[in-house]
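Peer 1: One structure is given below, represented as structure tokens, and several questions about it will come after.
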Amino acid sequence: MTWLELPALGLLLSLAVLAWLVFMQRGARRVEVGTLFIWRKLAARPDARRRQARMEPLLWLCAGALAFGALAAARPALAQPDGAFIVAVYMERLAADGVEPDAADVLARAREAAPEAQLRFYAATPTGHSEIDETLTLLAPGTIAEELAQFRARSSQASARLMFLCAADSNAASAGLVLPRVTARQDGVIFGLSVQGRRVFVRSSGFGAPEIKGAALRGARSSNGETLREYEATAAEIEITAHHLPPIRLKQASGVRIEAGGRWKSDAHRALLAALLANSNYRQSAPGDIGLDVGAPLRIELWRGSATDLAEASVSFDSQHPLFAQLPLSAFDWLGDGLVLAPAANERVLLSVTRDGQAAGALALLSADGKSLRFAGDPFARAPVAAAALLLDNALGVLKGERPSEAAFYAVVGGLKLPSERAAFAAPFEPEGSLDVSSSGAAALEELAPWLALAGALLALGAAWLTR
Amino acid sequence: MELFDAAFLKELSALHAALLRLRGSPGEGVARAGRAAGQSEFRGHRPYSQGDDLRRLDWNAYGRLGKMFVREFERERHEHLTVLLDCSRSMAAGTPAKHVFARHVAAALGFLALKAEGSAALFPGTAIEGGTRVGKWLDALRAAEPVDDGTLGPRLKAAAEGKRAPSDLVVISDFMEPLASVETLTSLSERRSNITLVQVLSPDEISPRFSGGADLLGLEEREELRLTLDASSLAAYRAELEAHLEALETLCARHGWTYALAPTDTSLRALFTGKLALVGGAA
């Protein structure tokens, strides 16, 4: 709001003239007369009395109408106590944990862009900068489009908008001035981290490499400014230090206890178990969480079928089931044992036998509670080791929900909060839009000026009614 | 400032001389009729009409002619003049103040009456007689300053209810009040008093010269009245004033009273050779 509007000044001048007239009215000179006899008759005349009675409200109504008109003409988009205008500042997040590393720099740049303005910040999380957080309006975290939509809606009373974005956005520029969130391209900012077995995969922007302890680099590949690095864990704890991030620590996850028994004792079985223990975080222990042909909460049971003539029989299976994922089925002699299972009503048949077009039984069944996987014979013993290892990996994955070969050896300590990919690739760009306070103020004026003008018009109408 | 300074006294003498030249001395009339001063001079007869004083019926003429005639006399030259001066606060207004002009008029009336061998009384005071007592008359007038309790109405009522009706009563006032108080004088008319009303107004009262916002302080009411005066309201004032003056004049005409409007900027000579030519000693 500014009084430097010609219409406002004009109306204010009118108000001053009116005030002067009122002053003249009130500052009437004192005249001594012999008697008020005739004057009272004059004052008692209906027209004079009406004029007298209505003079005060008429003046007030006129003054009010002029005042409202002046207010409306002064474009009172923002009625600031100190007369300054407000600039709403949106700050896109760089960090994931709410502490923006360069908040002070953003504040300085915002002040430089709008030196006379009161700055009101908007962000999805507190920035950790006390001066910014004092005026911070928290937005619901979401995509950049969602957060900008909230920002626009909640800053409608501001004189202007300033947005610090990680990337140029022409749509956002229509609402105000868009400045780059950073002054230099981000490099080496980790925005993705995953663990598969003993392998740690790190995705980061640019080519900057993080510092890592407890793991050895096995490979790296870059494309489109993104680098994917693969590390092999070499210690029980891994620590990764990267730009804009507190150290990420990974610790070896607690192992799955597995117990072997029953008829799982052949050399082939022991070889399979040894390979499993070597390449996963499984460890042999009794009692186990998983039992191989032995009683345990989760079980793989062998030789549970009944002898059946399986000549001319064929095998069918659900190819989408995880038990058969990437499994070379032809490597297995499913019918060689001559055994089939009789499925119960609530058991799921994973592998079935058909003879003469008739179902002859099941070769593999999953219990209704998903805790027990039963095989009619022993598909592991006679199959090639690689195929048998894949079947065991799949079978354990069916019971545990995650195959041992893919289960992470390591887990992030304290949860993982990484910057978004957009934040990681934040880069400078040419400012877009404008911080035109006057035009933004005009937009706000459209909201208030009509009401003020309406009030002024009503007062003027009242004044006109009094003079009828 | 002296109310009756030497210049004023000289003006009174000049006025007296001028009136003598215009109308002749009362002594001439007395010598011509061969009657003592203060007595009435028979002028003639006129037919009786209802309401005439039966004591003036000429019974001899009735006996001879069979018709009733009333004897008419010349007016007494040496009358007893009573001046009732409005001493209300409203008379203090104007430049010069209305009460100054009113006392000048009263002084002139008394001066002329005393010089004509008559008497003058400032109501409710006693009469002063003799041409050499002019000084006493002026002293009485000097003391008649406007006062807070000098309202005209009660004084008119007192005059009307007095035991002796004055033969000539001159009321000098601005008469800026309801005329009901003036109407109390009708009882004096019934008692054969000749009544003259001299209305003294200042030019500012007749035609106010101010406009715009004004806090009017009524000297008589001691109250303020705030008005915004424009051309229309001033015109309305003049209309109200004229209506009041017309009502007063009509009242006087109805009761046979003499009425004279005397703005304070009027000269005494113009007043006494004009509207007051037939009043008291001036006649």
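Identifiers in this document derive from the order of the structure tokens: chains are assigned A, B, ..., residues are numbered from 1 separately in each chain, and ligands are numbered from 1 in order of occurrence.
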Using only C-alpha atoms and a distance of at most 8 Å, pull out the residues of chain B that contact chain A, as a PyMOL selection string.
Peer 2: chain B and resi 89-94+176-177+205+212-221+225+227-228+233+236-237+240-241
Peer 1: As a list in words, please: the residues near segment 387-403 of chain A (cut-off 7 Å, only C-alpha atoms, same-chain neighbours under 6 positions excluded).
Peer 2: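 Counting only the stated atoms, we get Leu272, Leu298, Pro322, Leu323, Leu327, Pro328, Ala331, Gly370, Lys371 and Phe380 of chain A.
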Peer 1: Using DSSP on the backbone coordinates, identify all residues within segment 73-172 of chain A classified as strand (DSSP E); present the result as a PyMOL selection string.
Peer 2: chain A and resi 86-91+118-123+137-138+160-165
Peer 1: Can you tell me, as a PyMOL selection string, which residues in segment 68-245 of chain B count as helix (DSSP H, G or I) by DSSP?
Peer 2: chain B and resi 89-92+98-115+131-142+152-160+182-190+203-206+231-245
Peer 1: Restricting the calculation to only C-alpha atoms: of A:Gly377, A:Pro247, A:Gly288, A:Pro101, which residue gets closest to Ala260 of chain A?
Peer 2: A:Gly288
Peer 1: Go ahead and compute the interatomic distance for atom CA of Ala144 of chain B and atom CA of Glu129 of chain B, in Å to one decimal.
Peer 2: 19.0 Å
Peer 1: Need to verify the contact set: Leu12 of chain B, 9 Å, only C-alpha atoms, exclusion of same-chain residues closer than 6 positions in sequence. Can you return it as a list in words?
Peer 2: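 So the residues in contact are Ala107, Ala108, Phe111, Leu112, Leu268 and Arg269 of chain B.
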Peer 1: Just write the chosen residues, N, CA and C atoms, as an mmCIF file, in the first residue's frame.
Peer 2:
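Written file, part.cif:
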data_model
loop_
_atom_site.group_PDB
_atom_site.id
_atom_site.type_symbol
_atom_site.label_atom_id
_atom_site.label_comp_id
_atom_site.auth_asym_id
_atom_site.auth_seq_id
_atom_site.Cartn_x
_atom_site.Cartn_y
_atom_site.Cartn_z
ATOM 1 N N ALA B 107 -34.813 61.570 25.985
ATOM 2 C CA ALA B 107 -34.369 62.897 26.431
ATOM 3 C C ALA B 107 -35.047 63.992 25.617
ATOM 4 N N ALA B 108 -35.117 63.747 24.305
ATOM 5 C CA ALA B 108 -35.737 64.746 23.434
ATOM 6 C C ALA B 108 -37.223 64.898 23.747
ATOM 7 N N PHE B 111 -37.481 66.687 27.015
ATOM 8 C CA PHE B 111 -37.038 68.073 26.829
ATOM 9 C C PHE B 111 -38.149 68.905 26.207
ATOM 10 N N LEU B 112 -38.744 68.369 25.173
ATOM 11 C CA LEU B 112 -39.801 69.113 24.472
ATOM 12 C C LEU B 112 -41.028 69.292 25.358
ATOM 13 N N LEU B 268 -32.405 62.655 15.179
ATOM 14 C CA LEU B 268 -33.545 63.033 16.033
ATOM 15 C C LEU B 268 -34.491 63.959 15.280
ATOM 16 N N ARG B 269 -33.922 64.860 14.526
ATOM 17 C CA ARG B 269 -34.757 65.835 13.820
ATOM 18 C C ARG B 269 -35.667 65.129 12.827
#
Peer 1: Residues near Arg270 of chain A, anyone? I mean within 12 Å using only C-alpha atoms, not counting same-chain ones fewer than 4 positions away, as a ChimeraX atom specification.
Peer 2: /A:259-261,263-266,274-277,284,292,380-381,385,388-389
Peer 1: Residues near Pro96 of chain B, anyone? I mean within 10 Å using only C-alpha atoms, not counting same-chain ones fewer than 3 positions away, as a PyMOL selection string.
Peer 2: chain B and resi 92-93+99-101+202-203+264-265
Peer 1: Which of these, A:Ala168, A:Ile290, A:Leu418, A:Leu458, has the shortest distance to Val256 of chain A once you count only C-alpha atoms?
Peer 2: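 Result for the nearest residue to Val256 of chain A: A:Ile290.
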Peer 1: Give me, please, the distance in Å between atom CA of Leu197 of chain B and atom CA of Cys252 of chain B, quoted to one decimal.
Peer 2: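 Atom-to-atom, atom CA of Leu197 of chain B and atom CA of Cys252 of chain B are spaced 7.9 Å apart.
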Peer 1: Separation of atom CA of Asp333 of chain A and atom CA of Pro404 of chain A, in Å?
Peer 2: 24.2 Å
